[in-house]
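A short worksheet on the structure shown next.
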Amino acid sequence: MSWPFLAVLFSGWLYIDAAYRGPDWQRWLFRPITLLLLLLWAWQVPEHSINSYLIVGALLATLLSDILRMFDSKYLLPSFALVFLSYILYMVSFLLPLQLSFYLPLLGFVILAFIIILVIVWSKLDKLAIPASLTLLAAFAMFWIAGEKFFYLSNDYNLSIMIGSLLLVIAYSIWLINRFRFSFSASKGLVSACYFIGHFFIVRALFI
């Protein structure tokens, strides 16, 4: 196993453990540390390109979003904006170079899943309906682009970004449902695991 994987795994586990039973300082410390480790790993790519800079930018936007969300719920709107930006940056990086095939079963799945998640949470979103919906749309669009690239090219790079994008969509969807519709105790672990591993797979793709 590579040191980045072990470092992210260890730091992410400390955050998840703190989310359930640890002190608040441990949770506040290890969530940004885990993202910083991913950011540093992405910066170490042997040869930077537009793709790598976009992925670094997405990680930075994610890190800032997490920091805002840790302080107070009044920063939820700018946090949504930063998450939206991170998904857009990821999506643009996946688009380059532009090679798509429009695999209809994947497109149908993405549209159906997006509608289902939106229907579940829509009535509870209130003033956050637009930013939350746009961010969810960006997440599914990011996954769709990654999936299209995989079904078109079927290589290890595109498999890694597709897995990473899917995990980020799952993490955001569970977070929305848990926060706005109904909460359940397993949500923290599921969201955090999908969140950190999703970003890990996307950064990993830079080294393939």
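In the structure tokens, the first chain shown is A, the next is B, and so on; residue numbers restart at 1 for each chain, and ligands run from 1 in the order shown.
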
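Shell of stretch 99-110 of chain A at 6 Å, with only C-alpha atoms counted and residues fewer than 5 places along the chain excluded, is Glu148, Lys149 and Tyr152 of chain A.
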
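Among the candidates A:Val83, A:Leu128, A:Leu59, A:Ile202, the residue lying nearest to A:Arg179 is A:Leu128 (atoms considered: only C-alpha atoms).
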
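Among the candidates A:Tyr75, A:Trp122, A:Trp144, A:Phe80, the residue lying nearest to A:Leu95 is A:Trp144 (atoms considered: only C-alpha atoms).
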